[in-house]
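Student: Structure: target_12.cif, mmCIF, C-alpha atoms.
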data_final
#
loop_
_atom_site.label_atom_id
_atom_site.label_comp_id
_atom_site.auth_asym_id
_atom_site.auth_seq_id
_atom_site.Cartn_x
_atom_site.Cartn_y
_atom_site.Cartn_z
CA MET O 1 8.44 -23.90 10.57
CA PRO O 2 8.89 -20.16 11.21
CA ARG O 3 9.63 -19.14 14.76
CA GLU O 4 7.40 -16.67 16.56
CA ARG O 5 9.07 -13.91 18.53
CA ILE O 6 7.11 -12.22 21.32
CA VAL O 7 8.09 -8.75 22.47
CA THR O 8 6.53 -7.28 25.61
CA ARG O 9 5.98 -3.59 26.35
CA ALA O 10 4.32 -1.52 29.03
CA PRO O 11 0.60 -2.38 29.18
CA ARG O 12 -2.18 0.14 28.59
CA THR O 13 -5.06 -1.46 30.52
CA ARG O 14 -4.04 -5.10 30.70
CA GLU O 15 -1.12 -7.35 29.88
CA GLU O 16 -0.57 -7.30 26.14
CA LYS O 17 1.89 -8.93 23.81
CA ILE O 18 2.98 -7.85 20.37
CA HIS O 19 3.47 -10.69 17.93
CA GLU O 20 6.11 -10.19 15.28
CA TYR O 21 7.04 -12.74 12.63
CA ASN O 22 10.34 -13.57 11.03
CA SER O 23 9.29 -15.47 7.90
CA PRO O 24 8.60 -13.88 4.49
CA HIS O 25 4.85 -14.45 4.77
CA GLY O 26 4.46 -14.50 8.54
CA THR O 27 2.75 -17.00 10.79
CA TRP O 28 -0.94 -16.34 10.57
CA HIS O 29 -3.07 -17.00 13.68
CA SER O 30 -6.79 -17.45 13.09
CA ASN O 31 -9.74 -19.76 13.17
CA GLN O 32 -9.99 -18.98 9.45
CA ALA O 33 -7.09 -20.14 7.30
CA GLY O 34 -4.68 -17.34 6.59
CA LEU O 35 -6.42 -14.52 8.48
CA SER O 36 -4.33 -12.71 11.08
CA ILE O 37 -6.24 -11.29 14.01
CA GLY O 38 -3.90 -8.36 14.50
CA PRO O 39 -0.86 -7.42 16.57
CA TYR O 40 -1.85 -8.34 20.11
CA GLY O 41 -2.20 -12.09 19.82
CA PRO O 42 -5.25 -14.34 20.26
CA ARG O 43 -8.20 -13.00 22.20
CA THR O 44 -9.40 -14.96 25.22
CA ASN O 45 -12.93 -15.26 23.83
CA ARG O 46 -11.80 -16.59 20.47
CA GLU O 47 -10.43 -20.04 19.81
CA THR O 48 -7.50 -19.73 17.45
CA SER O 49 -5.45 -22.20 15.52
CA GLN O 50 -2.25 -22.11 13.52
CA GLY O 51 -3.07 -20.60 10.16
CA TYR O 52 -1.31 -21.02 6.85
CA PRO O 53 1.51 -19.01 5.34
CA ALA O 54 0.05 -16.46 2.95
CA ILE O 55 -0.45 -17.77 -0.57
CA ALA O 56 1.18 -21.09 0.31
CA SER O 57 -0.42 -22.88 -2.65
CA GLU O 58 -0.35 -19.98 -5.10
CA PRO O 59 2.16 -19.12 -7.84
CA PRO O 60 4.83 -16.51 -7.04
CA SER O 61 3.41 -13.42 -5.35
CA ARG O 62 4.34 -9.82 -4.51
CA THR O 63 4.05 -8.42 -1.01
CA VAL O 64 2.27 -5.09 -0.71
CA TYR O 65 2.10 -2.77 2.31
CA ARG O 66 -0.20 0.01 3.47
CA GLY O 67 0.31 2.47 6.31
CA SER O 68 -2.83 3.11 8.34
CA ASP O 69 -4.14 4.00 11.77
CA GLU O 70 -4.70 1.23 14.30
CA GLU O 71 -8.51 1.24 14.22
CA ARG O 72 -8.92 0.94 10.46
CA ALA O 73 -6.05 -1.49 10.08
CA LEU O 74 -7.48 -3.92 12.61
CA ARG O 75 -11.01 -3.60 11.22
CA TYR O 76 -9.75 -4.43 7.74
CA VAL O 77 -7.66 -7.36 8.96
CA GLU O 78 -10.47 -8.83 11.01
CA LYS O 79 -13.45 -8.13 8.72
CA GLY O 80 -11.99 -7.58 5.24
CA HIS O 81 -14.16 -4.52 4.61
CA THR O 82 -12.55 -2.50 1.81
CA SER O 83 -14.07 0.73 3.14
CA ASN O 84 -11.30 0.66 5.77
CA ILE O 85 -8.57 0.91 3.12
CA ALA O 86 -10.33 2.90 0.40
CA THR O 87 -8.89 6.28 -0.62
CA LEU O 88 -11.53 8.94 0.04
CA GLU O 89 -10.40 11.45 -2.57
CA ALA O 90 -9.30 11.12 -6.19
CA GLY O 91 -5.86 9.50 -6.34
CA ASP O 92 -2.92 9.29 -8.72
CA PHE O 93 -4.46 6.40 -10.66
CA HIS O 94 -8.21 6.73 -10.13
CA ARG O 95 -11.03 9.22 -9.80
CA LYS O 96 -14.34 9.15 -8.01
CA PRO O 97 -16.82 7.48 -7.79
CA LYS O 98 -14.61 4.41 -8.23
CA GLU O 99 -13.57 2.83 -4.93
CA ALA O 100 -9.83 2.23 -4.90
CA ALA O 101 -7.15 1.28 -2.39
CA TYR O 102 -3.45 2.12 -2.61
CA PHE O 103 -0.60 0.00 -1.30
CA THR O 104 3.16 0.23 -1.83
CA LEU O 105 5.86 -2.28 -2.67
CA ASN O 106 8.20 -0.62 -0.18
CA GLU O 107 7.81 -1.61 3.48
CA ALA O 108 9.87 1.28 4.84
CA TYR O 109 7.65 3.82 3.08
CA ALA O 110 4.53 2.15 4.50
CA ASP O 111 6.02 2.51 7.98
CA GLU O 112 6.65 6.18 7.27
CA CYS O 113 3.02 6.70 6.16
CA ALA O 114 1.70 4.85 9.21
CA ARG O 115 3.63 7.16 11.56
CA ARG O 116 2.20 10.37 10.07
CA GLY O 117 -0.22 11.80 12.60
CA ASN O 118 -0.86 8.40 14.16
CA ALA O 119 0.26 7.69 17.70
CA ARG O 120 -0.58 4.04 17.04
CA GLY O 121 0.07 3.72 13.32
CA MET O 122 0.04 0.25 11.79
CA VAL O 123 1.18 -1.39 8.58
CA ILE O 124 -1.09 -3.79 6.69
CA GLN O 125 0.74 -6.51 4.79
CA GLN O 126 -0.60 -8.84 2.10
CA SER O 127 0.90 -11.18 -0.47
CA VAL O 128 -0.86 -10.79 -3.82
CA PRO O 129 -0.59 -13.70 -6.28
CA SER O 130 0.79 -13.19 -9.76
CA ARG O 131 -2.58 -13.99 -11.35
CA ILE O 132 -3.72 -10.59 -10.05
CA MET O 133 -0.49 -8.60 -10.37
CA ASP O 134 0.26 -9.78 -13.89
CA LYS O 135 -2.86 -8.00 -15.17
CA ALA O 136 -1.64 -4.62 -13.96
CA TYR O 137 -1.04 -1.55 -16.06
CA VAL O 138 2.58 -0.76 -15.18
CA PHE O 139 4.16 2.66 -15.57
CA PRO O 140 7.96 2.86 -15.85
CA GLU O 141 9.65 2.92 -12.45
CA ALA O 142 10.96 6.44 -13.04
CA PRO O 143 8.51 9.32 -13.67
CA THR O 144 7.55 9.93 -17.31
CA ASP O 145 5.30 12.37 -19.15
CA ASP O 146 2.61 9.68 -19.33
CA TRP O 147 2.75 9.20 -15.57
CA ARG O 148 2.65 12.94 -14.87
CA GLY O 149 -0.27 13.45 -17.27
CA THR O 150 -2.18 10.59 -15.67
CA VAL O 151 -1.63 11.85 -12.13
CA LEU O 152 -2.60 15.40 -13.07
CA GLN O 153 -5.82 14.48 -14.88
CA ASN O 154 -6.93 12.12 -12.11
CA ARG O 155 -6.14 14.60 -9.35
CA ALA O 156 -7.96 17.33 -11.30
CA ARG O 157 -10.94 14.92 -11.65
CA ASP O 158 -11.01 15.35 -15.42
CA PRO O 159 -13.80 12.97 -16.62
CA ARG O 160 -12.75 13.10 -20.28
CA PRO O 161 -9.03 12.39 -20.59
CA ARG O 162 -7.56 13.27 -23.95
CA HIS O 163 -3.82 12.95 -23.45
CA PRO O 164 -1.91 10.81 -22.74
CA PRO O 165 -3.61 7.51 -23.71
CA ALA O 166 -2.21 6.04 -20.49
CA VAL O 167 -4.92 7.93 -18.57
CA SER O 168 -7.89 6.08 -20.04
CA GLU O 169 -6.02 2.78 -20.30
CA SER O 170 -4.92 2.80 -16.65
CA ARG O 171 -8.40 3.77 -15.48
CA ARG O 172 -9.79 0.65 -17.11
CA ARG O 173 -7.37 -1.69 -15.34
CA ASP O 174 -8.16 -3.08 -11.90
CA VAL O 175 -4.47 -2.91 -10.91
CA VAL O 176 -2.01 -0.10 -11.68
CA ILE O 177 1.62 0.15 -10.59
CA GLY O 178 3.74 3.27 -10.76
CA PRO O 179 5.61 6.00 -8.85
CA ILE O 180 3.99 8.01 -6.05
CA ALA O 181 3.30 11.74 -6.36
CA GLN O 182 3.80 12.97 -2.80
CA VAL O 183 2.13 16.35 -3.14
CA GLU O 184 -1.14 17.87 -1.97
CA THR O 185 -3.65 18.15 -4.82
CA GLY O 186 -4.28 21.88 -4.47
CA ALA O 187 -0.57 22.64 -4.54
CA LEU O 188 -0.09 20.40 -7.58
CA LEU O 189 -2.88 22.08 -9.54
CA ARG O 190 -1.65 25.58 -8.71
CA ARG O 191 1.93 24.83 -9.66
CA THR O 192 1.09 23.03 -12.90
CA GLN O 193 -1.10 25.97 -13.91
CA LYS O 194 1.90 28.23 -13.42
CA TYR O 195 4.43 25.92 -15.05
CA ARG O 196 3.09 24.01 -18.06
CA SER O 197 6.38 22.30 -18.98
CA GLY O 198 10.05 22.08 -18.17
CA PRO O 199 11.90 21.24 -14.94
CA GLU O 200 9.54 23.31 -12.76
CA TYR O 201 6.54 21.41 -14.10
CA GLU O 202 8.23 18.03 -13.59
CA SER O 203 9.35 18.84 -10.04
CA SER O 204 5.74 19.72 -9.12
CA PHE O 205 4.87 16.04 -8.78
CA SER O 206 7.46 15.25 -6.07
CA PRO O 207 8.03 11.54 -6.82
CA VAL O 208 9.19 9.65 -3.73
CA PRO O 209 12.79 8.36 -3.80
CA GLU O 210 13.19 4.68 -3.00
CA ARG O 211 13.58 3.70 0.64
CA LEU O 212 15.61 0.72 1.74
CA SER O 213 13.72 -2.42 0.80
CA ASN O 214 13.67 -5.97 2.10
CA ASP O 215 12.68 -7.18 -1.36
CA HIS O 216 16.06 -7.83 -2.96
CA SER O 217 14.39 -9.43 -5.99
CA ILE O 218 13.08 -5.97 -6.86
CA ASP O 219 16.31 -4.11 -6.10
CA ALA O 220 18.35 -6.46 -8.27
CA HIS O 221 16.47 -5.35 -11.39
CA ARG O 222 16.62 -1.61 -10.78
CA ARG O 223 18.66 0.59 -13.09
CA GLY O 224 19.29 4.28 -12.52
CA PRO O 225 17.38 6.40 -9.99
CA SER O 226 14.84 4.41 -8.00
CA TYR O 227 11.44 5.58 -6.81
CA VAL O 228 8.89 4.12 -4.42
CA GLN O 229 6.18 2.28 -6.33
CA GLN O 230 2.50 2.27 -5.42
CA VAL O 231 -0.12 -0.31 -6.37
CA ARG O 232 -3.72 0.75 -6.92
CA PHE O 233 -6.47 -1.88 -6.63
CA GLN O 234 -10.07 -1.37 -7.72
CA GLY O 235 -13.00 -3.41 -9.04
CA GLU O 236 -12.63 -7.19 -8.99
CA ALA O 237 -8.98 -6.96 -7.91
CA LEU O 238 -9.98 -5.00 -4.81
CA ASP O 239 -12.66 -7.57 -3.99
CA GLU O 240 -10.11 -10.38 -4.38
CA LEU O 241 -7.60 -8.51 -2.24
CA ALA O 242 -10.08 -8.47 0.64
CA GLU O 243 -10.33 -12.26 0.46
CA LEU O 244 -6.58 -12.82 0.68
CA PRO O 245 -4.64 -13.48 3.92
CA ARG O 246 -3.79 -10.21 5.64
CA HIS O 247 -1.80 -9.08 8.63
CA ALA O 248 -1.27 -5.84 10.53
CA ARG O 249 1.61 -4.90 12.78
CA PRO O 250 2.62 -1.75 14.67
CA ALA O 251 4.63 0.73 12.62
CA LYS O 252 8.35 0.54 13.17
CA PRO O 253 9.94 3.66 14.69
CA ALA O 254 11.90 5.97 12.45
CA LYS O 255 15.59 5.19 12.21
CA ARG O 256 17.80 7.71 13.92
CA ARG O 257 20.32 9.44 11.73
CA PRO O 258 23.92 8.92 12.83
#
Using the file provided, produce a representation of the structure as structure tokens.
Tutor:
Amino acid sequence: MPRERIVTRAPRTREEKIHEYNSPHGTWHSNQAGLSIGPYGPRTNRETSQGYPAIASEPPSRTVYRGSDEERALRYVEKGHTSNIATLEAGDFHRKPKEAAYFTLNEAYADECARRGNARGMVIQQSVPSRIMDKAYVFPEAPTDDWRGTVLQNRARDPRPRHPPAVSESRRRDVVIGPIAQVETGALLRRTQKYRSGPEYESSFSPVPERLSNDHSIDAHRRGPSYVQQVRFQGEALDELAELPRHARPAKPAKRRP
């Protein structure tokens, strides 16, 4: 059985404890099987019991991560409301009015996102069974013209995609996996208007280089340059995601450069 490690820190208003877990799926504490109640341990007004490891009875799964602020992370973990993880604007792999949520396969990148502008950033973690992930539309791990065209047309909110076919096909899928374009939409549209092709056009999308990962099963299959992969959930897959075991923990501090 996984061991639980408790780390104490200076209290804010009362004695608090941060619960961290050292098993692949974590030890889930809840009065509902598999539902973590967040980072500060059981509440005094809530009877808790030992939960189940995430997806214990499911086929092989993939762990996904999402950086968030503390309030929304805990609300999602406790209530499962997808509004707390939904992307408000058009994203790389969806456009409004579809509700969609983006996660990443890279834990270190999720920590980085959680720290941005959040004094108490948190990382949401879920294990998604293969029955959901296997239905995904998957872009190549390195940026391609199809990926760039899809990102551009979705960010530009083009309702009638013509090229590439990947745009319409990925929009129909409830799960999409591919690189992340780490660029503000306005800057992307301005630059791609100026540069319609070539290296300047390709560099406009700023794909995120791979961070160190704890998922060695992924790293073992990588060839050539590696990029952080995002996972977009919408429709039935997003509804299923909200029913899966979920856990939130405080974001890890940035590693100091030697």
Student: Translate the PyMOL selection byres ((chain O and resi 242) around 8) into a concrete residue list for this structure, as a list of chain:residue names.
Tutor: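 Going through the file, the PyMOL selection byres ((chain O and resi 242) around 8) ends up selecting O:Gly80, O:His81, O:Thr82, O:Leu238, O:Asp239, O:Glu240, O:Leu241, O:Glu243, O:Leu244.
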Student: With the file shown as input, list the residues that the PyMOL selection byres ((chain O and resi 104) around 6) selects, as an MDAnalysis selection string.
Tutor: chainID O and resid 64:65 103 105:106 229:231
Student: For the selection just defined, write its residues with C-alpha atoms to a file, as an mmCIF file, keeping the file's coordinate frame.
Tutor:
data_model
loop_
_atom_site.group_PDB
_atom_site.id
_atom_site.type_symbol
_atom_site.label_atom_id
_atom_site.label_comp_id
_atom_site.auth_asym_id
_atom_site.auth_seq_id
_atom_site.Cartn_x
_atom_site.Cartn_y
_atom_site.Cartn_z
ATOM 1 C CA VAL O 64 2.270 -5.090 -0.710
ATOM 2 C CA TYR O 65 2.100 -2.770 2.310
ATOM 3 C CA PHE O 103 -0.600 0.000 -1.300
ATOM 4 C CA LEU O 105 5.860 -2.280 -2.670
ATOM 5 C CA ASN O 106 8.200 -0.620 -0.180
ATOM 6 C CA GLN O 229 6.180 2.280 -6.330
ATOM 7 C CA GLN O 230 2.500 2.270 -5.420
ATOM 8 C CA VAL O 231 -0.120 -0.310 -6.370
#
Student: Assuming the chain letters and numbering stay as they are in my file, what does the PyMOL selection byres ((chain O and resi 120-128) around 7) actually select? List them as number ranges by chain.
Tutor: O: 54-55, 61-70, 73, 110-111, 114-115, 118-119, 129-130, 132-133, 245-251
Student: What is the atom CA of O:Ser206-atom CA of O:Asp145 distance in Å, reported with one decimal?
Tutor: 13.6 Å
Student: Between atom CA of O:Pro60 and atom CA of O:Ile180, what is the distance, to one decimal in Å?
Tutor: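 Rounded to one decimal, the two atoms are 24.6 Å apart.
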Student: Would you please work out which residue, of O:Gly117, O:Phe233, O:Glu112, O:Asp92, is nearest to O:Pro179 when using all atoms listed in the file?
Tutor: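 Of O:Gly117, O:Phe233, O:Glu112, O:Asp92, the one nearest O:Pro179, counting all atoms listed in the file, is O:Asp92.
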Student: Need the shell around O:Arg155: protein/DNA/RNA residues with any atom at most 10 Å away, counting only C-alpha atoms. Skip same-chain ones fewer than 3 positions apart. Format as a list in words?
Tutor: Glu89, Ala90, Gly91, Asp92, Phe93, His94, Arg95, Lys96, Gly149, Thr150, Val151, Leu152, Asp158, Glu184, Thr185, Gly186, Leu188 and Leu189 of chain O
Student: Could those residues be written to a file, using C-alpha atoms, as an mmCIF file, keeping the file's coordinate frame?
Tutor:
data_model
loop_
_atom_site.group_PDB
_atom_site.id
_atom_site.type_symbol
_atom_site.label_atom_id
_atom_site.label_comp_id
_atom_site.auth_asym_id
_atom_site.auth_seq_id
_atom_site.Cartn_x
_atom_site.Cartn_y
_atom_site.Cartn_z
ATOM 1 C CA GLU O 89 -10.400 11.450 -2.570
ATOM 2 C CA ALA O 90 -9.300 11.120 -6.190
ATOM 3 C CA GLY O 91 -5.860 9.500 -6.340
ATOM 4 C CA ASP O 92 -2.920 9.290 -8.720
ATOM 5 C CA PHE O 93 -4.460 6.400 -10.660
ATOM 6 C CA HIS O 94 -8.210 6.730 -10.130
ATOM 7 C CA ARG O 95 -11.030 9.220 -9.800
ATOM 8 C CA LYS O 96 -14.340 9.150 -8.010
ATOM 9 C CA GLY O 149 -0.270 13.450 -17.270
ATOM 10 C CA THR O 150 -2.180 10.590 -15.670
ATOM 11 C CA VAL O 151 -1.630 11.850 -12.130
ATOM 12 C CA LEU O 152 -2.600 15.400 -13.070
ATOM 13 C CA ASP O 158 -11.010 15.350 -15.420
ATOM 14 C CA GLU O 184 -1.140 17.870 -1.970
ATOM 15 C CA THR O 185 -3.650 18.150 -4.820
ATOM 16 C CA GLY O 186 -4.280 21.880 -4.470
ATOM 17 C CA LEU O 188 -0.090 20.400 -7.580
ATOM 18 C CA LEU O 189 -2.880 22.080 -9.540
#
Student: To one decimal place, how far is atom CA of O:Ala136 from atom CA of O:Val176 in Å?
Tutor: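 Rounded to one decimal, the two atoms are 5.1 Å apart.
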Student: Find the residue from O:Thr144, O:Gln153, O:Thr87, O:Ser226 that sits nearest to O:Thr192; use all atoms listed in the file when measuring.
Tutor: O:Gln153
Student: Counting all atoms listed in the file, which residue out of O:Arg172, O:Lys255, O:Arg72, O:Arg196 sits closest to O:Glu236?
Tutor: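 Closest to O:Glu236 of all the choices is O:Arg172.
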Student: Since the input has fewer atoms than a full residue there, write stretch 239-250 of chain O out with all heavy atoms, as an mmCIF file, in the coordinates of the input.
Tutor:
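This went into selection_28.cif:
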data_model
loop_
_atom_site.group_PDB
_atom_site.id
_atom_site.type_symbol
_atom_site.label_atom_id
_atom_site.label_comp_id
_atom_site.auth_asym_id
_atom_site.auth_seq_id
_atom_site.Cartn_x
_atom_site.Cartn_y
_atom_site.Cartn_z
ATOM 1 N N ASP O 239 -11.842 -6.551 -4.662
ATOM 2 C CA ASP O 239 -12.660 -7.570 -3.990
ATOM 3 C C ASP O 239 -11.832 -8.813 -3.670
ATOM 4 O O ASP O 239 -11.957 -9.396 -2.584
ATOM 5 C CB ASP O 239 -13.847 -7.958 -4.877
ATOM 6 C CG ASP O 239 -14.840 -6.818 -5.056
ATOM 7 O OD1 ASP O 239 -14.859 -5.913 -4.201
ATOM 8 O OD2 ASP O 239 -15.589 -6.827 -6.059
ATOM 9 N N GLU O 240 -10.974 -9.212 -4.615
ATOM 10 C CA GLU O 240 -10.110 -10.380 -4.380
ATOM 11 C C GLU O 240 -9.104 -10.104 -3.272
ATOM 12 O O GLU O 240 -8.791 -10.981 -2.467
ATOM 13 C CB GLU O 240 -9.387 -10.762 -5.669
ATOM 14 C CG GLU O 240 -10.252 -11.451 -6.702
ATOM 15 C CD GLU O 240 -9.425 -12.034 -7.824
ATOM 16 O OE1 GLU O 240 -8.803 -13.098 -7.621
ATOM 17 O OE2 GLU O 240 -9.378 -11.404 -8.901
ATOM 18 N N LEU O 241 -8.589 -8.879 -3.251
ATOM 19 C CA LEU O 241 -7.600 -8.510 -2.240
ATOM 20 C C LEU O 241 -8.183 -8.708 -0.836
ATOM 21 O O LEU O 241 -7.494 -9.189 0.073
ATOM 22 C CB LEU O 241 -7.188 -7.055 -2.429
ATOM 23 C CG LEU O 241 -6.041 -6.545 -1.564
ATOM 24 C CD1 LEU O 241 -4.718 -7.129 -2.023
ATOM 25 C CD2 LEU O 241 -5.993 -5.016 -1.595
ATOM 26 N N ALA O 242 -9.444 -8.356 -0.669
ATOM 27 C CA ALA O 242 -10.080 -8.470 0.640
ATOM 28 C C ALA O 242 -10.293 -9.909 1.068
ATOM 29 O O ALA O 242 -10.551 -10.172 2.245
ATOM 30 C CB ALA O 242 -11.420 -7.725 0.628
ATOM 31 N N GLU O 243 -10.177 -10.848 0.130
ATOM 32 C CA GLU O 243 -10.330 -12.260 0.460
ATOM 33 C C GLU O 243 -8.998 -12.943 0.741
ATOM 34 O O GLU O 243 -8.966 -14.091 1.182
ATOM 35 C CB GLU O 243 -11.035 -12.996 -0.705
ATOM 36 C CG GLU O 243 -12.438 -12.491 -1.005
ATOM 37 C CD GLU O 243 -13.389 -12.712 0.163
ATOM 38 O OE1 GLU O 243 -13.244 -13.744 0.852
ATOM 39 O OE2 GLU O 243 -14.250 -11.848 0.410
ATOM 40 N N LEU O 244 -7.901 -12.239 0.495
ATOM 41 C CA LEU O 244 -6.580 -12.820 0.680
ATOM 42 C C LEU O 244 -6.157 -12.749 2.149
ATOM 43 O O LEU O 244 -6.665 -11.924 2.916
ATOM 44 C CB LEU O 244 -5.549 -12.083 -0.175
ATOM 45 C CG LEU O 244 -5.682 -12.225 -1.687
ATOM 46 C CD1 LEU O 244 -4.677 -11.305 -2.380
ATOM 47 C CD2 LEU O 244 -5.475 -13.665 -2.125
ATOM 48 N N PRO O 245 -5.198 -13.600 2.565
ATOM 49 C CA PRO O 245 -4.640 -13.480 3.920
ATOM 50 C C PRO O 245 -4.087 -12.076 4.138
ATOM 51 O O PRO O 245 -3.551 -11.453 3.225
ATOM 52 C CB PRO O 245 -3.520 -14.530 3.925
ATOM 53 C CG PRO O 245 -3.916 -15.508 2.879
ATOM 54 C CD PRO O 245 -4.601 -14.717 1.809
ATOM 55 N N ARG O 246 -4.218 -11.572 5.339
ATOM 56 C CA ARG O 246 -3.790 -10.210 5.640
ATOM 57 C C ARG O 246 -3.311 -10.127 7.089
ATOM 58 O O ARG O 246 -3.767 -10.881 7.937
ATOM 59 C CB ARG O 246 -4.917 -9.212 5.371
ATOM 60 C CG ARG O 246 -6.239 -9.630 5.983
ATOM 61 C CD ARG O 246 -7.405 -8.862 5.359
ATOM 62 N NE ARG O 246 -8.666 -9.273 5.959
ATOM 63 C CZ ARG O 246 -9.409 -10.278 5.491
ATOM 64 N NH1 ARG O 246 -9.023 -10.952 4.426
ATOM 65 N NH2 ARG O 246 -10.544 -10.608 6.080
ATOM 66 N N HIS O 247 -2.437 -9.197 7.322
ATOM 67 C CA HIS O 247 -1.800 -9.080 8.630
ATOM 68 C C HIS O 247 -1.516 -7.616 8.896
ATOM 69 O O HIS O 247 -1.234 -6.853 7.973
ATOM 70 C CB HIS O 247 -0.493 -9.883 8.629
ATOM 71 C CG HIS O 247 0.310 -9.729 9.882
ATOM 72 N ND1 HIS O 247 -0.168 -10.073 11.121
ATOM 73 C CD2 HIS O 247 1.563 -9.253 10.082
ATOM 74 C CE1 HIS O 247 0.759 -9.829 12.026
ATOM 75 N NE2 HIS O 247 1.812 -9.325 11.423
ATOM 76 N N ALA O 248 -1.623 -7.199 10.142
ATOM 77 C CA ALA O 248 -1.270 -5.840 10.530
ATOM 78 C C ALA O 248 -0.314 -5.879 11.710
ATOM 79 O O ALA O 248 -0.449 -6.720 12.596
ATOM 80 C CB ALA O 248 -2.524 -5.046 10.908
ATOM 81 N N ARG O 249 0.632 -4.983 11.697
ATOM 82 C CA ARG O 249 1.610 -4.900 12.780
ATOM 83 C C ARG O 249 1.829 -3.423 13.115
ATOM 84 O O ARG O 249 1.583 -2.538 12.299
ATOM 85 C CB ARG O 249 2.936 -5.515 12.353
ATOM 86 C CG ARG O 249 3.563 -4.842 11.142
ATOM 87 C CD ARG O 249 5.037 -5.154 11.020
ATOM 88 N NE ARG O 249 5.624 -4.557 9.830
ATOM 89 C CZ ARG O 249 5.971 -3.290 9.717
ATOM 90 N NH1 ARG O 249 5.768 -2.449 10.726
ATOM 91 N NH2 ARG O 249 6.505 -2.823 8.608
ATOM 92 N N PRO O 250 2.309 -3.132 14.322
ATOM 93 C CA PRO O 250 2.620 -1.750 14.670
ATOM 94 C C PRO O 250 3.717 -1.191 13.768
ATOM 95 O O PRO O 250 4.640 -1.907 13.368
ATOM 96 C CB PRO O 250 3.099 -1.844 16.126
ATOM 97 C CG PRO O 250 2.523 -3.125 16.639
ATOM 98 C CD PRO O 250 2.494 -4.059 15.468
#
